[in-house]
$ cat model-v3.cif   # mmCIF, C-alpha atoms and all ligand atoms
data_query
#
loop_
_atom_site.label_atom_id
_atom_site.label_comp_id
_atom_site.auth_asym_id
_atom_site.auth_seq_id
_atom_site.Cartn_x
_atom_site.Cartn_y
_atom_site.Cartn_z
CA MET A 1 0.00 0.00 0.00
CA SER A 2 1.42 3.42 -0.83
CA ASN A 3 0.64 6.82 0.57
CA LYS A 4 -1.37 8.52 -2.20
CA PRO A 5 -2.18 11.25 -1.32
CA GLY A 6 -2.51 11.13 2.40
CA LEU A 7 -2.30 8.58 5.15
CA THR A 8 -1.52 10.18 8.52
CA VAL A 9 -1.08 8.26 11.75
CA LEU A 10 -1.69 9.99 15.09
CA ALA A 11 -0.27 8.27 18.16
CA GLY A 12 1.06 9.30 21.54
CA PRO A 13 1.14 8.36 25.20
CA THR A 14 -1.90 7.17 27.11
CA ALA A 15 -4.03 10.03 28.48
CA VAL A 16 -2.49 12.65 26.20
CA GLY A 17 -5.90 13.28 24.64
CA LYS A 18 -5.73 11.49 21.26
CA GLY A 19 -9.39 10.54 21.54
CA THR A 20 -10.44 14.13 22.27
CA VAL A 21 -8.44 15.49 19.34
CA SER A 22 -9.83 12.89 16.95
CA THR A 23 -13.40 13.43 18.19
CA TYR A 24 -12.95 17.15 17.55
CA ILE A 25 -11.66 16.39 14.06
CA ARG A 26 -14.57 14.03 13.36
CA ASP A 27 -17.04 16.75 14.41
CA THR A 28 -15.29 19.68 12.71
CA TYR A 29 -13.43 18.42 9.67
CA PRO A 30 -15.60 16.20 7.45
CA GLU A 31 -12.85 16.50 4.81
CA VAL A 32 -10.71 14.22 7.00
CA TRP A 33 -11.57 10.55 6.66
CA LEU A 34 -11.13 9.27 10.21
CA SER A 35 -10.57 5.54 10.14
CA VAL A 36 -13.10 3.44 12.08
CA SER A 37 -11.25 0.68 13.94
CA ALA A 38 -12.50 -2.75 14.86
CA THR A 39 -12.42 -3.60 18.56
CA THR A 40 -13.38 -6.35 20.98
CA ARG A 41 -14.22 -3.73 23.62
CA ALA A 42 -17.90 -3.30 24.49
CA PRO A 43 -19.56 -0.11 23.24
CA ARG A 44 -19.75 2.77 25.71
CA PRO A 45 -23.04 4.65 26.05
CA GLY A 46 -23.60 6.69 22.88
CA GLU A 47 -21.10 4.78 20.75
CA ILE A 48 -22.47 3.59 17.44
CA ASP A 49 -21.32 0.48 15.57
CA GLY A 50 -19.71 1.55 12.30
CA VAL A 51 -19.28 5.16 13.44
CA HIS A 52 -17.02 5.02 16.49
CA TYR A 53 -15.85 1.43 16.09
CA TYR A 54 -16.82 -1.82 14.46
CA PHE A 55 -17.64 -3.81 17.57
CA LYS A 56 -16.56 -7.44 17.19
CA SER A 57 -16.59 -10.56 19.33
CA LYS A 58 -13.20 -12.09 20.13
CA GLU A 59 -13.95 -14.89 17.65
CA GLU A 60 -14.87 -12.45 14.86
CA PHE A 61 -11.73 -10.42 15.52
CA GLU A 62 -9.55 -13.55 15.49
CA SER A 63 -10.91 -14.69 12.15
CA LEU A 64 -10.23 -11.24 10.64
CA VAL A 65 -6.63 -11.51 11.94
CA ALA A 66 -6.31 -15.02 10.47
CA ALA A 67 -7.65 -13.79 7.12
CA GLY A 68 -4.98 -11.04 7.04
CA GLU A 69 -7.62 -8.30 6.99
CA PHE A 70 -5.77 -5.91 9.31
CA LEU A 71 -3.25 -3.24 8.38
CA GLU A 72 -2.30 -3.32 12.07
CA TRP A 73 -3.77 -4.61 15.29
CA ALA A 74 -2.78 -4.64 18.94
CA VAL A 75 -3.92 -5.50 22.44
CA VAL A 76 -4.19 -2.11 24.14
CA HIS A 77 -3.66 -1.72 27.90
CA GLY A 78 -3.46 -5.51 28.12
CA GLN A 79 -7.23 -5.66 27.79
CA ASN A 80 -9.03 -5.31 24.51
CA THR A 81 -7.92 -5.81 20.93
CA TYR A 82 -8.11 -3.00 18.38
CA GLY A 83 -7.24 -2.99 14.70
CA THR A 84 -7.40 -1.05 11.45
CA LEU A 85 -9.02 -2.88 8.55
CA LYS A 86 -7.02 -2.73 5.31
CA SER A 87 -10.16 -2.67 3.17
CA THR A 88 -11.62 0.54 4.63
CA VAL A 89 -8.32 2.43 4.53
CA ASN A 90 -7.51 1.27 0.99
CA GLU A 91 -10.94 2.37 -0.25
CA ALA A 92 -10.58 5.84 1.28
CA ILE A 93 -7.08 6.27 -0.12
CA ALA A 94 -8.26 5.09 -3.55
CA GLU A 95 -10.98 7.76 -3.39
CA GLY A 96 -8.27 10.35 -2.81
CA ARG A 97 -9.36 11.10 0.77
CA SER A 98 -7.06 12.42 3.50
CA VAL A 99 -7.01 9.51 5.91
CA LEU A 100 -6.31 9.77 9.64
CA LEU A 101 -5.63 6.77 11.89
CA GLU A 102 -5.76 7.41 15.64
CA ILE A 103 -4.11 4.34 17.08
CA ASP A 104 -1.75 3.26 19.84
CA LEU A 105 2.05 3.17 19.57
CA GLN A 106 2.27 -0.54 18.80
CA GLY A 107 -0.14 -0.04 15.92
CA ALA A 108 1.78 3.02 14.65
CA ARG A 109 4.97 0.92 14.49
CA GLN A 110 3.20 -1.73 12.44
CA VAL A 111 1.89 0.88 9.99
CA LYS A 112 5.42 2.24 9.69
CA GLN A 113 6.52 -1.22 8.50
CA ALA A 114 3.60 -1.61 6.10
CA VAL A 115 3.37 1.98 4.78
CA PRO A 116 6.73 3.67 5.41
CA ASP A 117 5.78 6.75 3.41
CA ALA A 118 2.75 7.52 5.58
CA GLN A 119 3.05 10.58 7.81
CA PHE A 120 3.54 9.85 11.53
CA VAL A 121 2.46 12.45 14.05
CA PHE A 122 3.18 12.21 17.79
CA LEU A 123 0.70 13.90 20.09
CA ALA A 124 2.67 15.10 23.12
CA PRO A 125 1.59 16.62 26.44
CA PRO A 126 2.67 20.23 27.16
CA SER A 127 4.97 18.86 29.89
CA TRP A 128 5.75 15.71 31.86
CA GLU A 129 3.95 17.23 34.88
CA GLU A 130 0.81 17.71 32.81
CA LEU A 131 0.93 14.11 31.57
CA VAL A 132 1.27 12.93 35.19
CA ARG A 133 -1.75 15.04 36.08
CA ARG A 134 -3.78 13.54 33.20
CA LEU A 135 -2.59 10.00 33.95
CA VAL A 136 -3.31 9.96 37.66
CA GLY A 137 -5.76 12.86 37.63
CA ARG A 138 -8.93 10.97 38.41
CA GLY A 139 -7.49 9.79 41.71
CA THR A 140 -9.44 6.57 41.47
CA GLU A 141 -6.46 4.26 40.92
CA SER A 142 -4.35 2.64 43.63
CA ALA A 143 -0.81 3.94 44.24
CA GLU A 144 0.49 0.81 42.54
CA GLU A 145 -1.66 1.36 39.47
CA GLN A 146 -0.62 5.03 39.34
CA GLN A 147 3.03 3.97 39.44
CA ARG A 148 2.44 1.48 36.64
CA ARG A 149 0.81 4.19 34.50
CA LEU A 150 3.69 6.59 35.11
CA GLU A 151 6.23 3.97 34.05
CA THR A 152 4.18 3.30 30.90
CA GLY A 153 3.93 7.04 30.26
CA LYS A 154 7.71 7.42 30.42
CA VAL A 155 8.29 4.58 27.96
CA GLU A 156 5.61 5.92 25.62
CA LEU A 157 7.04 9.47 25.66
CA ALA A 158 10.42 8.07 24.65
CA ALA A 159 8.88 7.00 21.30
CA GLU A 160 8.64 10.60 20.08
CA PRO A 161 11.82 10.53 17.89
CA GLU A 162 10.29 7.70 15.83
CA PHE A 163 7.75 10.20 14.47
CA ASP A 164 7.93 12.75 11.64
CA HIS A 165 6.22 15.53 13.59
CA THR A 166 5.19 16.36 17.14
CA VAL A 167 1.99 18.22 17.94
CA ILE A 168 1.60 19.46 21.50
CA ASN A 169 -1.86 18.96 22.94
CA ASP A 170 -2.01 22.19 24.93
CA ASP A 171 -5.42 23.04 23.51
CA VAL A 172 -7.64 20.57 21.65
CA ARG A 173 -8.68 22.91 18.86
CA ARG A 174 -5.19 24.29 18.30
CA ALA A 175 -3.69 20.80 18.22
CA ALA A 176 -6.40 19.60 15.80
CA ASP A 177 -5.81 22.60 13.52
CA GLU A 178 -2.07 21.93 13.48
CA LEU A 179 -2.67 18.28 12.66
CA VAL A 180 -5.05 19.18 9.84
CA SER A 181 -2.42 21.59 8.44
CA LEU A 182 0.16 18.79 8.52
CA MET A 183 -2.31 16.74 6.48
CA GLY A 184 -2.20 19.46 3.84
CA LEU A 185 -5.71 20.74 4.59
CA THR A 186 -6.73 24.26 5.53
CA PRO A 187 -7.70 24.77 9.18
CA HIS A 188 -11.10 26.39 9.63
CA PRO A 189 -11.21 29.98 10.83
CA ARG A 190 -11.34 30.29 14.62
CA GLN A 191 -14.60 30.81 16.44
CA THR A 192 -14.66 32.43 19.84
CA GLN A 193 -15.93 29.47 21.88
CA THR A 194 -13.62 26.68 23.06
CA PRO A 195 -14.96 23.12 22.79
CA SER A 196 -15.53 21.37 26.08
CA ALA A 197 -13.03 18.60 26.87
CA ARG A 198 -14.35 15.02 26.61
P1 LIG B 1 -10.72 3.53 23.67
O1 LIG B 1 -11.07 2.16 24.15
O2 LIG B 1 -10.60 4.50 24.81
O3 LIG B 1 -11.65 4.00 22.58
O4 LIG B 1 -9.28 3.45 22.99
C1 LIG B 1 -8.21 2.96 23.71
C2 LIG B 1 -6.93 3.03 22.92
O5 LIG B 1 -7.02 2.21 21.74
C3 LIG B 1 -6.52 4.41 22.41
O6 LIG B 1 -5.18 4.61 22.84
C4 LIG B 1 -6.55 4.30 20.91
O7 LIG B 1 -5.51 5.04 20.31
C5 LIG B 1 -6.32 2.82 20.69
N1 LIG B 1 -6.87 2.37 19.41
C6 LIG B 1 -8.09 2.67 18.88
N2 LIG B 1 -8.24 2.08 17.68
C7 LIG B 1 -7.08 1.42 17.43
C8 LIG B 1 -6.62 0.62 16.33
O8 LIG B 1 -7.30 0.41 15.33
N3 LIG B 1 -5.38 0.09 16.45
C9 LIG B 1 -4.59 0.30 17.53
N4 LIG B 1 -3.38 -0.25 17.52
N5 LIG B 1 -4.98 1.04 18.58
C10 LIG B 1 -6.21 1.59 18.54
#
$ encode --input "model-v3.cif" --output "structure tokens"
Amino acid sequence: MSNKPGLTVLAGPTAVGKGTVSTYIRDTYPEVWLSVSATTRAPRPGEIDGVHYYFKSKEEFESLVAAGEFLEWAVVHGQNTYGTLKSTVNEAIAEGRSVLLEIDLQGARQVKQAVPDAQFVFLAPPSWEELVRRLVGRGTESAEEQQRRLETGKVELAAEPEFDHTVINDDVRRAADELVSLMGLTPHPRQTQTPSAR
């Protein structure tokens, strides 16, 4: 698969806000074709099959893996399996769409192997302190779990040099606009209201 004209991969550490940035892009930039991943995770309230994810049973997911249907797939947070279907991405690229994949680091590395000329964008926190705040912020995890998340965060941040560009998620709209510019699209003019964080 080659990168004609635009496959962009957005990855970054856990809790940096990839989901919020991609939700903002889905709502604001219909010109971006945001890939819909398959997952074995159960839908959250409000999530629609085929819009947010293709929700699959473990067995369905495994047969797609066996059939070689995935561009990349990974077990995320040691829990659920997520993957990008080759067919959907290929179709969008063939139609000349600007394609965005919001995936985890393991997935980004697999795409780098499969499509080396794709564009790889790292979403970074404004600072380590801010990432710590976002990682442990809810205060609902045990000290042990918090420590585990911090260790993971450190390892994930160290992946930044593997990427072509870094976008700092200091403000969701600003970060989304920068990402859209990197995709060769024109950011929309600013409105006065800031979107609420999700
Ligand atoms: P959530 O369950 O909160 O929607 O997503 C959890 C994590 O899964 C996020 O870090 C997101 O980037 C990652 N993810 C979502 N879709 C994919 C995918 O298709 N492939 C990979 N490798 N990771 C994904």
$ residues_around --input "model-v3.cif" --residues "stretch 10-24 of chain A" --least-positions-apart "3" --cutoff "7 Å" --atoms "only C-alpha atoms" --output "ChimeraX atom specification"
/A:27-28,101-105,108,120-125,131,134-135,153,156-157,172,176,197-198
$ residues_around --input "model-v3.cif" --residues "stretch 29-36 of chain A" --least-positions-apart "5" --cutoff "12 Å" --atoms "all atoms listed in the file" --output "MDAnalysis selection string"
chainID A and resid 6:10 19 21:24 47:55 71 82:93 95:103 173 176:177 179:189
$ closest_residue --input "model-v3.cif" --among "A:Glu60, A:Pro45, A:Gly107, A:Ala94" --to "ligand LIG 1 (chain B)" --atoms "only C-alpha atoms and all ligand atoms"
A:Gly107
$ residues_around --input "model-v3.cif" --residues "A:Ser57" --least-positions-apart "4" --cutoff "12 Å" --atoms "only C-alpha atoms" --output "PDB file with C-alpha atoms, in the coordinates of the input"
ATOM      1  CA  ALA A  38     -12.500  -2.750  14.860  1.00  0.00           C
ATOM      2  CA  THR A  39     -12.420  -3.600  18.560  1.00  0.00           C
ATOM      3  CA  THR A  40     -13.380  -6.350  20.980  1.00  0.00           C
ATOM      4  CA  ARG A  41     -14.220  -3.730  23.620  1.00  0.00           C
ATOM      5  CA  ALA A  42     -17.900  -3.300  24.490  1.00  0.00           C
ATOM      6  CA  PRO A  43     -19.560  -0.110  23.240  1.00  0.00           C
ATOM      7  CA  PHE A  61     -11.730 -10.420  15.520  1.00  0.00           C
ATOM      8  CA  GLU A  62      -9.550 -13.550  15.490  1.00  0.00           C
ATOM      9  CA  SER A  63     -10.910 -14.690  12.150  1.00  0.00           C
ATOM     10  CA  LEU A  64     -10.230 -11.240  10.640  1.00  0.00           C
ATOM     11  CA  ASN A  80      -9.030  -5.310  24.510  1.00  0.00           C
ATOM     12  CA  THR A  81      -7.920  -5.810  20.930  1.00  0.00           C
ATOM     13  CA  TYR A  82      -8.110  -3.000  18.380  1.00  0.00           C
TER      14      TYR A  82
END
$ atom_distance --input "model-v3.cif" --atom1 "atom CA of A:Ala175" --atom2 "atom CA of A:Gly139"
26.2 Å
$ closest_residue --input "model-v3.cif" --among "A:Val76, A:Glu59, A:Glu162, A:Ala143" --to "ligand LIG 1 (chain B)" --atoms "only C-alpha atoms and all ligand atoms"
A:Val76
$ atom_distance --input "model-v3.cif" --atom1 "atom N3 of ligand LIG 1 (chain B)" --atom2 "atom CA of A:Gly68"
14.6 Å
$ closest_residue --input "model-v3.cif" --among "A:Gln106, A:Val65, A:Ser127, A:Gly46" --to "ligand LIG 1 (chain B)" --atoms "only C-alpha atoms and all ligand atoms"
A:Gln106
$ closest_residue --input "model-v3.cif" --among "A:Glu130, A:Glu72, A:Asp164, A:Glu144" --to "ligand LIG 1 (chain B)" --atoms "all atoms listed in the file"
A:Glu72
$ closest_residue --input "model-v3.cif" --among "A:Pro116, A:Lys154, A:Phe70, A:Glu160" --to "ligand LIG 1 (chain B)" --atoms "only C-alpha atoms and all ligand atoms"
A:Phe70
$ closest_residue --input "model-v3.cif" --among "A:Arg148, A:Arg190, A:Arg174, A:Arg44" --to "ligand LIG 1 (chain B)" --atoms "all atoms listed in the file"
A:Arg44
$ atom_distance --input "model-v3.cif" --atom1 "atom CA of A:Ala159" --atom2 "atom CA of A:Gly137"
22.7 Å
$ axis_aligned_box --input "model-v3.cif" --around "ligand LIG 1 (chain B)" --padding-each-side "5 Å" --output "AutoDock Vina command-line options"
--center_x -7.5 --center_y 2.4 --center_z 20.1 --size_x 18.3 --size_y 15.3 --size_z 19.5
$ decode --input "model-v3.cif" --residues "stretch 108-120 of chain A" --atoms "all heavy atoms" --output "short mmCIF file (atom, residue, chain, number, x, y, z; two decimals), in the first residue's frame"
data_model
loop_
_atom_site.label_atom_id
_atom_site.label_comp_id
_atom_site.auth_asym_id
_atom_site.auth_seq_id
_atom_site.Cartn_x
_atom_site.Cartn_y
_atom_site.Cartn_z
N ALA A 108 1.05 2.05 15.48
CA ALA A 108 1.78 3.02 14.65
C ALA A 108 3.05 2.37 14.10
O ALA A 108 3.41 2.55 12.93
CB ALA A 108 2.11 4.26 15.46
N ARG A 109 3.72 1.58 14.94
CA ARG A 109 4.97 0.92 14.49
C ARG A 109 4.67 -0.09 13.39
O ARG A 109 5.45 -0.23 12.45
CB ARG A 109 5.65 0.25 15.68
CG ARG A 109 6.23 1.28 16.62
CD ARG A 109 6.93 0.65 17.81
NE ARG A 109 7.52 1.69 18.63
CZ ARG A 109 7.36 1.78 19.94
NH1 ARG A 109 6.65 0.89 20.59
NH2 ARG A 109 7.94 2.77 20.60
N GLN A 110 3.56 -0.76 13.50
CA GLN A 110 3.20 -1.73 12.44
C GLN A 110 2.89 -1.02 11.13
O GLN A 110 3.26 -1.48 10.06
CB GLN A 110 1.99 -2.56 12.86
CG GLN A 110 2.26 -3.50 14.02
CD GLN A 110 0.98 -4.17 14.50
OE1 GLN A 110 0.14 -4.60 13.72
NE2 GLN A 110 0.81 -4.23 15.81
N VAL A 111 2.20 0.14 11.21
CA VAL A 111 1.89 0.88 9.99
C VAL A 111 3.18 1.38 9.36
O VAL A 111 3.33 1.38 8.14
CB VAL A 111 0.91 2.05 10.27
CG1 VAL A 111 0.62 2.84 8.99
CG2 VAL A 111 -0.39 1.54 10.86
N LYS A 112 4.14 1.76 10.21
CA LYS A 112 5.42 2.24 9.69
C LYS A 112 6.10 1.14 8.85
O LYS A 112 6.73 1.43 7.84
CB LYS A 112 6.32 2.66 10.85
CG LYS A 112 7.62 3.26 10.42
CD LYS A 112 7.83 4.60 11.06
CE LYS A 112 9.02 5.29 10.40
NZ LYS A 112 9.25 6.61 10.87
N GLN A 113 5.96 -0.10 9.28
CA GLN A 113 6.52 -1.22 8.50
C GLN A 113 5.77 -1.40 7.18
O GLN A 113 6.38 -1.59 6.14
CB GLN A 113 6.40 -2.54 9.30
CG GLN A 113 7.23 -2.58 10.56
CD GLN A 113 8.73 -2.50 10.27
OE1 GLN A 113 9.22 -3.19 9.39
NE2 GLN A 113 9.43 -1.64 10.99
N ALA A 114 4.44 -1.31 7.27
CA ALA A 114 3.60 -1.61 6.10
C ALA A 114 3.55 -0.44 5.11
O ALA A 114 3.49 -0.65 3.90
CB ALA A 114 2.20 -1.98 6.54
N VAL A 115 3.51 0.78 5.63
CA VAL A 115 3.37 1.98 4.78
C VAL A 115 4.41 3.01 5.22
O VAL A 115 4.09 4.01 5.86
CB VAL A 115 1.96 2.61 4.89
CG1 VAL A 115 1.69 3.58 3.73
CG2 VAL A 115 0.87 1.56 4.96
N PRO A 116 5.69 2.78 4.88
CA PRO A 116 6.73 3.67 5.41
C PRO A 116 6.58 5.12 4.98
O PRO A 116 7.06 6.01 5.67
CB PRO A 116 8.05 3.07 4.87
CG PRO A 116 7.69 1.90 4.05
CD PRO A 116 6.22 1.69 4.07
N ASP A 117 5.90 5.36 3.85
CA ASP A 117 5.78 6.75 3.41
C ASP A 117 4.53 7.45 3.96
O ASP A 117 4.20 8.56 3.54
CB ASP A 117 5.87 6.87 1.88
CG ASP A 117 4.75 6.12 1.18
OD1 ASP A 117 4.07 5.30 1.84
OD2 ASP A 117 4.55 6.35 -0.02
N ALA A 118 3.84 6.81 4.89
CA ALA A 118 2.75 7.52 5.58
C ALA A 118 3.37 8.61 6.46
O ALA A 118 4.59 8.61 6.69
CB ALA A 118 1.95 6.55 6.43
N GLN A 119 2.54 9.52 6.94
CA GLN A 119 3.05 10.58 7.81
C GLN A 119 2.72 10.21 9.27
O GLN A 119 1.57 9.87 9.57
CB GLN A 119 2.37 11.88 7.41
CG GLN A 119 2.58 13.01 8.39
CD GLN A 119 2.20 14.35 7.79
OE1 GLN A 119 3.06 15.18 7.57
NE2 GLN A 119 0.91 14.56 7.55
N PHE A 120 3.73 10.28 10.14
CA PHE A 120 3.54 9.85 11.53
C PHE A 120 3.63 11.05 12.46
O PHE A 120 4.65 11.74 12.50
CB PHE A 120 4.59 8.77 11.88
CG PHE A 120 4.37 7.51 11.09
CD1 PHE A 120 4.90 7.37 9.81
CD2 PHE A 120 3.56 6.50 11.60
CE1 PHE A 120 4.65 6.23 9.07
CE2 PHE A 120 3.31 5.35 10.85
CZ PHE A 120 3.86 5.21 9.59
#
